[in-house]
>>> print(open('entry.pdb').read())   # PDB, C-alpha atoms and all ligand atoms
ATOM      1  CA  MET D   1       7.940  -2.578 -19.038
ATOM      2  CA  ASN D   2      10.844  -0.302 -19.875
ATOM      3  CA  ARG D   3      10.751   2.863 -21.953
ATOM      4  CA  GLN D   4      12.246   1.279 -25.056
ATOM      5  CA  GLU D   5       9.561  -1.423 -25.068
ATOM      6  CA  LEU D   6       6.817   1.156 -24.556
ATOM      7  CA  VAL D   7       8.054   3.354 -27.402
ATOM      8  CA  HIS D   8       8.372   0.298 -29.655
ATOM      9  CA  LEU D   9       4.804  -0.753 -28.840
ATOM     10  CA  ILE D  10       3.468   2.736 -29.628
ATOM     11  CA  ARG D  11       5.258   2.814 -32.989
ATOM     12  CA  GLU D  12       4.210  -0.723 -33.880
ATOM     13  CA  ARG D  13       0.529  -0.218 -33.020
ATOM     14  CA  LYS D  14       0.418   3.366 -34.309
ATOM     15  CA  SER D  15      -1.370   4.157 -31.083
ATOM     16  CA  TYR D  16      -0.760   5.956 -27.819
ATOM     17  CA  LEU D  17      -4.205   5.155 -26.510
ATOM     18  CA  CYS D  18      -4.696   4.168 -22.888
ATOM     19  CA  ILE D  19      -8.108   2.755 -22.075
ATOM     20  CA  GLY D  20      -9.364   3.519 -18.595
ATOM     21  CA  LEU D  21     -11.128   0.614 -16.924
ATOM     22  CA  ASP D  22     -13.205   2.819 -14.610
ATOM     23  CA  THR D  23     -15.692   0.016 -14.329
ATOM     24  CA  ASP D  24     -18.768   1.100 -12.426
ATOM     25  CA  ILE D  25     -21.083  -1.707 -11.338
ATOM     26  CA  HIS D  26     -24.021   0.711 -11.806
ATOM     27  CA  LYS D  27     -23.104   1.462 -15.418
ATOM     28  CA  ILE D  28     -22.305  -1.916 -16.911
ATOM     29  CA  PRO D  29     -24.927  -3.646 -19.077
ATOM     30  CA  LYS D  30     -27.578  -5.358 -16.976
ATOM     31  CA  HIS D  31     -27.150  -8.766 -18.595
ATOM     32  CA  LEU D  32     -23.682  -9.048 -16.968
ATOM     33  CA  LEU D  33     -25.016  -8.740 -13.420
ATOM     34  CA  SER D  34     -25.820 -12.462 -13.189
ATOM     35  CA  HIS D  35     -22.132 -13.293 -13.826
ATOM     36  CA  PRO D  36     -20.204 -14.367 -10.667
ATOM     37  CA  ASP D  37     -17.803 -11.425 -11.209
ATOM     38  CA  PRO D  38     -19.662  -8.859 -13.342
ATOM     39  CA  ILE D  39     -16.861  -6.293 -13.227
ATOM     40  CA  PHE D  40     -14.313  -8.784 -14.522
ATOM     41  CA  ALA D  41     -16.760 -10.093 -17.141
ATOM     42  CA  PHE D  42     -17.169  -6.516 -18.413
ATOM     43  CA  ASN D  43     -13.419  -5.808 -18.384
ATOM     44  CA  LYS D  44     -12.617  -9.100 -20.106
ATOM     45  CA  ALA D  45     -15.002  -8.281 -22.951
ATOM     46  CA  ILE D  46     -13.568  -4.736 -23.264
ATOM     47  CA  ILE D  47      -9.975  -6.052 -23.254
ATOM     48  CA  ASP D  48     -10.775  -8.744 -25.831
ATOM     49  CA  ALA D  49     -12.358  -6.113 -28.072
ATOM     50  CA  THR D  50      -9.682  -3.412 -27.789
ATOM     51  CA  LYS D  51      -6.318  -5.021 -26.991
ATOM     52  CA  ASP D  52      -4.922  -4.512 -30.495
ATOM     53  CA  LEU D  53      -5.833  -0.812 -30.557
ATOM     54  CA  CYS D  54      -4.336   0.495 -27.323
ATOM     55  CA  VAL D  55      -0.924   0.384 -25.654
ATOM     56  CA  ALA D  56      -2.062   0.747 -22.040
ATOM     57  CA  TYR D  57      -4.919   0.024 -19.678
ATOM     58  CA  LYS D  58      -5.465   2.190 -16.623
ATOM     59  CA  ILE D  59      -7.332   0.638 -13.739
ATOM     60  CA  ASN D  60      -8.725   3.306 -11.466
ATOM     61  CA  THR D  61      -8.675   1.503  -8.132
ATOM     62  CA  ALA D  62     -11.561   3.551  -6.648
ATOM     63  CA  PHE D  63     -14.084   1.632  -8.751
ATOM     64  CA  TYR D  64     -12.756  -1.658  -7.324
ATOM     65  CA  GLU D  65     -11.905  -0.701  -3.748
ATOM     66  CA  CYS D  66     -15.493   0.432  -3.136
ATOM     67  CA  GLN D  67     -16.606  -3.197  -3.626
ATOM     68  CA  GLY D  68     -14.367  -4.420  -0.780
ATOM     69  CA  ILE D  69     -12.684  -7.804  -1.108
ATOM     70  CA  ARG D  70     -14.698  -8.677  -4.238
ATOM     71  CA  GLY D  71     -13.483  -5.508  -5.918
ATOM     72  CA  TRP D  72      -9.848  -6.362  -5.214
ATOM     73  CA  GLU D  73     -10.475  -9.810  -6.698
ATOM     74  CA  SER D  74     -11.968  -8.212  -9.828
ATOM     75  CA  LEU D  75      -8.918  -5.934 -10.031
ATOM     76  CA  GLN D  76      -6.518  -8.852  -9.732
ATOM     77  CA  ARG D  77      -8.332 -10.936 -12.347
ATOM     78  CA  THR D  78      -8.348  -7.932 -14.663
ATOM     79  CA  VAL D  79      -4.673  -7.058 -14.363
ATOM     80  CA  GLU D  80      -3.733 -10.722 -14.808
ATOM     81  CA  TYR D  81      -5.908 -10.912 -17.937
ATOM     82  CA  ILE D  82      -4.294  -7.928 -19.666
ATOM     83  CA  PRO D  83      -1.755  -9.196 -22.243
ATOM     84  CA  LYS D  84       1.792  -8.910 -20.898
ATOM     85  CA  ASP D  85       2.957  -6.707 -23.766
ATOM     86  CA  ILE D  86       0.494  -3.947 -22.810
ATOM     87  CA  PHE D  87       1.447  -1.280 -20.256
ATOM     88  CA  THR D  88      -0.622  -1.317 -17.062
ATOM     89  CA  ILE D  89      -1.379   1.622 -14.781
ATOM     90  CA  ALA D  90      -2.774   1.392 -11.265
ATOM     91  CA  ASP D  91      -4.491   4.738 -10.919
ATOM     92  CA  ALA D  92      -4.411   4.894  -7.137
ATOM     93  CA  LYS D  93      -2.875   8.352  -6.539
ATOM     94  CA  ARG D  94      -0.822   7.180  -3.578
ATOM     95  CA  GLY D  95       1.972   8.877  -1.599
ATOM     96  CA  ASP D  96       2.738   8.867   2.133
ATOM     97  CA  ILE D  97       5.712   8.842   4.513
ATOM     98  CA  GLY D  98       8.548   6.730   3.132
ATOM     99  CA  ASN D  99       7.922   3.362   4.750
ATOM    100  CA  THR D 100       4.217   3.540   3.895
ATOM    101  CA  SER D 101       4.925   4.532   0.289
ATOM    102  CA  THR D 102       7.251   1.534   0.061
ATOM    103  CA  TYR D 103       4.328  -0.739   0.879
ATOM    104  CA  TYR D 104       2.038   1.048  -1.566
ATOM    105  CA  ALA D 105       4.698   0.476  -4.234
ATOM    106  CA  LYS D 106       5.007  -3.207  -3.278
ATOM    107  CA  THR D 107       1.223  -3.564  -3.393
ATOM    108  CA  PHE D 108       0.884  -2.396  -6.969
ATOM    109  CA  PHE D 109       4.244  -3.465  -8.457
ATOM    110  CA  GLU D 110       4.798  -6.796  -6.707
ATOM    111  CA  THR D 111       1.480  -8.106  -5.364
ATOM    112  CA  TYR D 112      -0.549  -7.073  -8.411
ATOM    113  CA  GLY D 113       2.246  -6.758 -11.004
ATOM    114  CA  PHE D 114       1.329  -3.359 -12.467
ATOM    115  CA  ASP D 115       3.929  -1.501 -14.548
ATOM    116  CA  SER D 116       3.092   1.836 -12.963
ATOM    117  CA  VAL D 117       1.143   3.648 -10.287
ATOM    118  CA  THR D 118      -0.135   7.223 -10.118
ATOM    119  CA  VAL D 119       1.462   9.189  -7.274
ATOM    120  CA  ALA D 120       0.397  12.396  -5.516
ATOM    121  CA  PRO D 121       3.609  14.369  -4.772
ATOM    122  CA  TYR D 122       2.223  16.684  -2.087
ATOM    123  CA  MET D 123       4.192  14.998   0.739
ATOM    124  CA  GLY D 124       7.499  15.511  -1.046
ATOM    125  CA  ARG D 125      10.629  13.612  -1.946
ATOM    126  CA  ASP D 126      10.549  10.804   0.627
ATOM    127  CA  SER D 127       6.946  10.019  -0.355
ATOM    128  CA  VAL D 128       7.783   9.666  -4.068
ATOM    129  CA  GLU D 129      11.226   8.024  -4.037
ATOM    130  CA  PRO D 130      10.023   4.608  -2.803
ATOM    131  CA  PHE D 131       8.093   4.222  -6.079
ATOM    132  CA  LEU D 132      11.287   4.753  -8.092
ATOM    133  CA  GLY D 133      13.369   1.872  -6.804
ATOM    134  CA  PHE D 134      11.768  -0.957  -8.796
ATOM    135  CA  SER D 135      13.305  -2.145 -12.057
ATOM    136  CA  GLU D 136      11.179  -1.321 -15.146
ATOM    137  CA  LYS D 137       8.392   0.148 -12.985
ATOM    138  CA  TRP D 138       7.109   3.707 -13.131
ATOM    139  CA  ALA D 139       5.749   6.437 -10.869
ATOM    140  CA  ILE D 140       3.240   8.637 -12.700
ATOM    141  CA  VAL D 141       3.285  11.878 -10.738
ATOM    142  CA  LEU D 142       0.374  14.324 -10.779
ATOM    143  CA  GLY D 143       1.551  17.418 -12.670
ATOM    144  CA  LEU D 144      -1.282  19.607 -13.931
ATOM    145  CA  THR D 145      -4.561  17.761 -13.538
ATOM    146  CA  SER D 146      -7.643  17.933 -15.740
ATOM    147  CA  ASN D 147     -10.199  18.981 -13.149
ATOM    148  CA  ALA D 148     -11.515  22.453 -12.236
ATOM    149  CA  GLY D 149      -9.826  22.171  -8.829
ATOM    150  CA  ALA D 150      -6.412  22.400 -10.545
ATOM    151  CA  GLN D 151      -6.988  26.157 -10.140
ATOM    152  CA  ASP D 152      -7.024  25.919  -6.345
ATOM    153  CA  PHE D 153      -3.341  25.049  -5.829
ATOM    154  CA  GLN D 154      -1.616  23.931  -9.037
ATOM    155  CA  LEU D 155      -2.370  27.122 -10.961
ATOM    156  CA  GLN D 156      -1.544  29.479  -8.095
ATOM    157  CA  LYS D 157       1.717  31.385  -8.408
ATOM    158  CA  THR D 158       4.543  30.872  -5.944
ATOM    159  CA  GLY D 159       6.950  33.695  -6.795
ATOM    160  CA  ASP D 160       7.362  33.796 -10.575
ATOM    161  CA  GLU D 161       6.047  30.345 -11.332
ATOM    162  CA  TYR D 162       2.923  28.293 -10.944
ATOM    163  CA  LEU D 163       2.951  25.739  -8.177
ATOM    164  CA  TYR D 164       2.599  22.915 -10.722
ATOM    165  CA  GLU D 165       5.751  24.158 -12.514
ATOM    166  CA  LYS D 166       7.705  24.018  -9.273
ATOM    167  CA  VAL D 167       6.339  20.531  -8.593
ATOM    168  CA  LEU D 168       7.289  19.303 -12.076
ATOM    169  CA  LYS D 169      10.825  20.693 -11.963
ATOM    170  CA  THR D 170      11.506  19.493  -8.432
ATOM    171  CA  THR D 171       9.973  16.061  -8.886
ATOM    172  CA  ALA D 172      11.698  15.447 -12.228
ATOM    173  CA  ALA D 173      15.054  15.676 -10.436
ATOM    174  CA  TRP D 174      14.154  12.764  -8.131
ATOM    175  CA  GLY D 175      13.771  10.273 -10.974
ATOM    176  CA  THR D 176      14.485   9.919 -14.672
ATOM    177  CA  PRO D 177      12.426   9.757 -17.888
ATOM    178  CA  GLU D 178      12.936   5.983 -17.566
ATOM    179  CA  ASN D 179      11.014   5.626 -14.309
ATOM    180  CA  MET D 180       8.805   8.690 -13.995
ATOM    181  CA  MET D 181       5.927  10.119 -16.024
ATOM    182  CA  PHE D 182       3.674  13.090 -15.351
ATOM    183  CA  VAL D 183      -0.095  13.433 -15.414
ATOM    184  CA  VAL D 184      -1.062  16.363 -17.619
ATOM    185  CA  GLY D 185      -4.780  16.886 -18.203
ATOM    186  CA  ALA D 186      -6.047  17.121 -21.781
ATOM    187  CA  THR D 187      -8.229  20.014 -20.648
ATOM    188  CA  GLN D 188      -5.027  21.990 -19.959
ATOM    189  CA  ALA D 189      -3.884  22.158 -23.593
ATOM    190  CA  ASP D 190      -2.936  25.863 -23.292
ATOM    191  CA  SER D 191      -0.238  24.952 -20.761
ATOM    192  CA  VAL D 192       1.090  21.838 -22.463
ATOM    193  CA  ALA D 193       3.693  23.508 -24.679
ATOM    194  CA  ALA D 194       5.214  25.180 -21.593
ATOM    195  CA  ILE D 195       5.148  21.892 -19.667
ATOM    196  CA  ARG D 196       6.872  20.136 -22.566
ATOM    197  CA  GLN D 197       9.672  22.711 -22.373
ATOM    198  CA  LEU D 198      10.114  22.095 -18.646
ATOM    199  CA  VAL D 199      10.251  18.310 -19.001
ATOM    200  CA  PRO D 200      11.173  17.611 -22.638
ATOM    201  CA  ASP D 201      11.830  13.874 -22.317
ATOM    202  CA  HIS D 202       9.243  12.533 -19.889
ATOM    203  CA  PHE D 203       6.138  10.660 -20.925
ATOM    204  CA  PHE D 204       2.831  12.354 -20.078
ATOM    205  CA  LEU D 205      -0.256  10.421 -19.055
ATOM    206  CA  VAL D 206      -3.029  12.572 -20.478
ATOM    207  CA  PRO D 207      -6.544  11.997 -19.131
ATOM    208  CA  GLY D 208      -9.451  14.237 -20.069
ATOM    209  CA  VAL D 209     -10.275  13.515 -23.708
ATOM    210  CA  GLY D 210     -13.796  12.235 -24.350
ATOM    211  CA  ALA D 211     -16.124  12.774 -21.397
ATOM    212  CA  GLN D 212     -14.149  15.772 -20.041
ATOM    213  CA  GLY D 213     -13.945  17.466 -23.445
ATOM    214  CA  GLY D 214     -10.160  17.693 -23.994
ATOM    215  CA  SER D 215      -8.854  17.725 -27.571
ATOM    216  CA  LEU D 216      -6.621  14.892 -28.761
ATOM    217  CA  GLN D 217      -5.319  17.052 -31.585
ATOM    218  CA  ALA D 218      -4.355  19.965 -29.322
ATOM    219  CA  ILE D 219      -2.621  17.805 -26.727
ATOM    220  CA  THR D 220      -0.765  15.924 -29.460
ATOM    221  CA  GLU D 221       0.440  19.044 -31.272
ATOM    222  CA  LYS D 222       1.735  20.591 -28.065
ATOM    223  CA  GLY D 223       2.840  17.582 -26.087
ATOM    224  CA  MET D 224       4.402  15.055 -28.458
ATOM    225  CA  ASN D 225       8.190  14.562 -28.275
ATOM    226  CA  LYS D 226      10.673  12.523 -30.318
ATOM    227  CA  ASP D 227       9.606   9.287 -28.581
ATOM    228  CA  VAL D 228       5.908  10.285 -28.830
ATOM    229  CA  GLY D 229       5.964  10.811 -25.066
ATOM    230  CA  LEU D 230       2.193  10.589 -24.646
ATOM    231  CA  LEU D 231      -0.271   8.072 -23.290
ATOM    232  CA  VAL D 232      -3.713   9.561 -23.868
ATOM    233  CA  ASN D 233      -6.396   8.034 -21.681
ATOM    234  CA  ALA D 234     -10.087   7.715 -22.401
ATOM    235  CA  SER D 235     -12.289   5.888 -19.927
ATOM    236  CA  ARG D 236     -16.032   6.553 -20.165
ATOM    237  CA  ALA D 237     -15.930   7.548 -23.849
ATOM    238  CA  VAL D 238     -14.667   4.064 -24.715
ATOM    239  CA  ILE D 239     -15.977   1.626 -22.147
ATOM    240  CA  TYR D 240     -19.520   3.043 -22.027
ATOM    241  CA  ALA D 241     -19.797   3.778 -25.752
ATOM    242  CA  GLY D 242     -22.627   1.243 -25.729
ATOM    243  CA  ASN D 243     -24.810  -0.206 -23.011
ATOM    244  CA  ASP D 244     -26.432  -3.338 -24.409
ATOM    245  CA  GLU D 245     -25.310  -6.770 -25.635
ATOM    246  CA  ASN D 246     -23.094  -5.063 -28.236
ATOM    247  CA  PHE D 247     -21.183  -2.955 -25.683
ATOM    248  CA  ALA D 248     -17.790  -4.486 -26.489
ATOM    249  CA  GLU D 249     -18.170  -3.850 -30.208
ATOM    250  CA  ASP D 250     -19.234  -0.269 -29.468
ATOM    251  CA  ALA D 251     -16.155   0.142 -27.240
ATOM    252  CA  ARG D 252     -13.977  -1.189 -30.038
ATOM    253  CA  ASN D 253     -15.430   1.309 -32.494
ATOM    254  CA  ALA D 254     -14.810   4.181 -30.072
ATOM    255  CA  ALA D 255     -11.229   3.016 -29.457
ATOM    256  CA  LEU D 256     -10.690   2.574 -33.197
ATOM    257  CA  GLN D 257     -11.631   6.205 -33.820
ATOM    258  CA  TYR D 258      -9.013   7.364 -31.316
ATOM    259  CA  GLN D 259      -6.417   4.951 -32.705
ATOM    260  CA  GLN D 260      -7.023   6.062 -36.278
ATOM    261  CA  GLU D 261      -6.726   9.722 -35.324
ATOM    262  CA  MET D 262      -3.475   8.904 -33.472
ATOM    263  CA  ALA D 263      -2.107   6.976 -36.458
ATOM    264  CA  GLY D 264      -2.554  10.152 -38.473
ATOM    265  CA  TYR D 265      -0.365  12.094 -36.036
ATOM    266  CA  LEU D 266       2.429   9.500 -35.870
TER
HETATM  267  O1  LIG N 301      -4.572  10.400 -12.792
HETATM  268  C1  LIG N 301      -5.520  10.314 -13.577
HETATM  269  O2  LIG N 301      -5.652   9.343 -14.302
HETATM  270  C2  LIG N 301      -6.414  11.484 -13.727
HETATM  271  C3  LIG N 301      -5.831  12.718 -13.532
HETATM  272  C4  LIG N 301      -6.521  13.875 -13.914
HETATM  273  O3  LIG N 301      -6.010  14.978 -13.856
HETATM  274  N1  LIG N 301      -7.782  13.743 -14.380
HETATM  275  C5  LIG N 301      -8.403  12.530 -14.534
HETATM  276  O4  LIG N 301      -9.552  12.489 -15.020
HETATM  277  N2  LIG N 301      -7.745  11.385 -14.146
HETATM  278  C6  LIG N 301      -8.409  10.063 -14.243
HETATM  279  O5  LIG N 301      -8.579   9.763 -15.627
HETATM  280  C7  LIG N 301      -9.854   9.110 -15.844
HETATM  281  C8  LIG N 301     -10.694   9.988 -16.748
HETATM  282  O6  LIG N 301     -11.884   9.351 -17.078
HETATM  283  P1  LIG N 301     -12.826   9.833 -18.295
HETATM  284  O7  LIG N 301     -13.095  11.286 -18.093
HETATM  285  O8  LIG N 301     -14.044   8.985 -18.153
HETATM  286  O9  LIG N 301     -12.072   9.576 -19.573
HETATM  287  C9  LIG N 301     -10.420   8.874 -14.455
HETATM  288  O10 LIG N 301      -9.984   7.587 -14.017
HETATM  289  C10 LIG N 301      -9.783   9.939 -13.599
HETATM  290  O11 LIG N 301      -9.662   9.549 -12.263
END
>>> encode(input="entry.pdb", output="C-alpha cells")
Amino acid sequence: MNRQELVHLIRERKSYLCIGLDTDIHKIPKHLLSHPDPIFAFNKAIIDATKDLCVAYKINTAFYECQGIRGWESLQRTVEYIPKDIFTIADAKRGDIGNTSTYYAKTFFETYGFDSVTVAPYMGRDSVEPFLGFSEKWAIVLGLTSNAGAQDFQLQKTGDEYLYEKVLKTTAAWGTPENMMFVVGATQADSVAAIRQLVPDHFFLVPGVGAQGGSLQAITEKGMNKDVGLLVNASRAVIYAGNDENFAEDARNAALQYQQEMAGYL
C-alpha cells in the first residue's frame, strides 16, 4: 500500500488505529482451543469484529514463531485473511548484513505479502536499505521505543544530541516518507514534539497506549502532521478486552472507543 492510499483510508475511516494481533495461545478464550488452528480462529473473530474501525493490523511474529511450523501457518492464514485495503505490519524487528536483510525483506514482503516490517537499525545503512527497495512496501524503523530500556541507549547523549535523534536523522536520509516510518512509543509523549520537528513528514507507528499506559491524546497533539502521520497501535487493550464467548464483541467495543476518540481529533 502506498502513502496516498494509507492517508485516504485514515481520512475515510476517521481512524488511525492499528490493532496488534499479539495472539498468545495462553490468553485466548478456552473454548477456542478445540479448533484445529486456535490462533487463527481467534484472529479471524477479532478481524471480523474490528475491520471497519482500524486502518492497520500489526502481527507480532514472536507470538507465532514460538509455535514453530504451526505458528507460521497461523500467521500466513491471518495475513491472508486481513482485507486487502487494510495496512499490514510484520512486527519482526529484523536487520542484519545486507544479503541477510534482503531475505528478511523477501520473507515478509513477498512470501507473506505484508505491507511493512519493523526494522532495528543498529547494524546501520546496509542492514536497512534492503527493506527499502520494494515498491509500495515500508520499513518501520525503531526510533524511540516505549519500554523502560529506551533509557539504556536511545536516551543517552552522544555529543549534543540523544542517540535516538542521531538514529532518526541518519536513517531518514536512507529512505523517504513514502517507504519509511518510525516507531515512537506512546509512553514517550514528552519527546514527540521534538521528534516531529526532526522528521516532519514521516508516519510514526505508535505502540504503548492501553496496557503500557501511553496517552492517545498526548501523542496525537504532539505527533500529528498534515497527513495525520500516525498509526497508533493497541494490542492487549483491544484483543483481550474480554475473555469469554463474547470476546470479539468486547474487542470491537474497545476498538470503537479508540476510533471514536480518534475521529474527534481528525
Ligand atoms: O515495534 C513495536 O511495535 C513496539 C515498539 C515499542 O517501542 N514498544 C512496543 O510495545 N512495541 C510492540 O507493540 C505492541 C504493544 O502491545 P500492547 O502493550 O499490548 O498494546 C507489542 O507487540 C510490542 O512488541
>>> residues_near_ligand(input="entry.pdb", ligand="ligand LIG 301 (chain N)", cutoff="7 Å", atoms="only C-alpha atoms and all ligand atoms", output="PyMOL selection string")
chain D and resi 20+22+60+91+93+118+142+144-147+183-185+207-212+233-237
>>> residues_around(input="entry.pdb", residues="Tyr81 (chain D)", least_positions_apart="4", cutoff="9 Å", atoms="only C-alpha atoms", output="compact mmCIF listing (two decimals) with C-alpha atoms, in the coordinates of the input")
# COMPACT_ATOMS: atom_id res chain seq x y z
CA LYS D 44 -12.62 -9.10 -20.11
CA ILE D 47 -9.98 -6.05 -23.25
CA GLN D 76 -6.52 -8.85 -9.73
CA ARG D 77 -8.33 -10.94 -12.35
>>> resolve_selection(input="entry.pdb", expression="the PyMOL selection byres (((chain D and resi 94-109) around 10) and not hetatm)", output="ChimeraX atom specification")
/D:89-93,110-139,141
>>> closest_residue(input="entry.pdb", among="D:Leu231, D:Ala172, D:Leu163, D:Met224", to="Tyr258 (chain D)", atoms="all atoms listed in the file")
D:Leu231
>>> residues_around(input="entry.pdb", residues="region 242-252 of chain D", least_positions_apart="5", cutoff="9 Å", atoms="only C-alpha atoms", output="PyMOL selection string")
chain D and resi 27-31+42+45-50+53+237+257
>>> atom_distance(input="entry.pdb", atom1="CA of Glu221 (chain D)", atom2="CA of Val7 (chain D)")
17.9 Å
>>> resolve_selection(input="entry.pdb", expression="the PyMOL selection byres (((chain D and resi 193-199) around 7) and not hetatm)", output="PyMOL selection string")
chain D and resi 169+191-192+200-202+222-223
>>> write_last_selection(input="entry.pdb", atoms="C-alpha atoms", output="PDB file, in the coordinates of the input")
ATOM      1  CA  LYS D 169      10.825  20.693 -11.963  1.00  0.00           C
ATOM      2  CA  SER D 191      -0.238  24.952 -20.761  1.00  0.00           C
ATOM      3  CA  VAL D 192       1.090  21.838 -22.463  1.00  0.00           C
ATOM      4  CA  PRO D 200      11.173  17.611 -22.638  1.00  0.00           C
ATOM      5  CA  ASP D 201      11.830  13.874 -22.317  1.00  0.00           C
ATOM      6  CA  HIS D 202       9.243  12.533 -19.889  1.00  0.00           C
ATOM      7  CA  LYS D 222       1.735  20.591 -28.065  1.00  0.00           C
ATOM      8  CA  GLY D 223       2.840  17.582 -26.087  1.00  0.00           C
TER       9      GLY D 223
END
>>> resolve_selection(input="entry.pdb", expression="the PyMOL selection byres (((chain D and resi 178) around 8) and not hetatm)", output="list of chain:residue names")
D:Asn2, D:Arg3, D:Glu136, D:Trp138, D:Gly175, D:Thr176, D:Pro177, D:Asn179, D:Met180, D:His202
>>> closest_residue(input="entry.pdb", among="D:Cys66, D:Ile10, D:Ala148, D:Ile82", to="Phe40 (chain D)", atoms="all atoms listed in the file")
D:Ile82
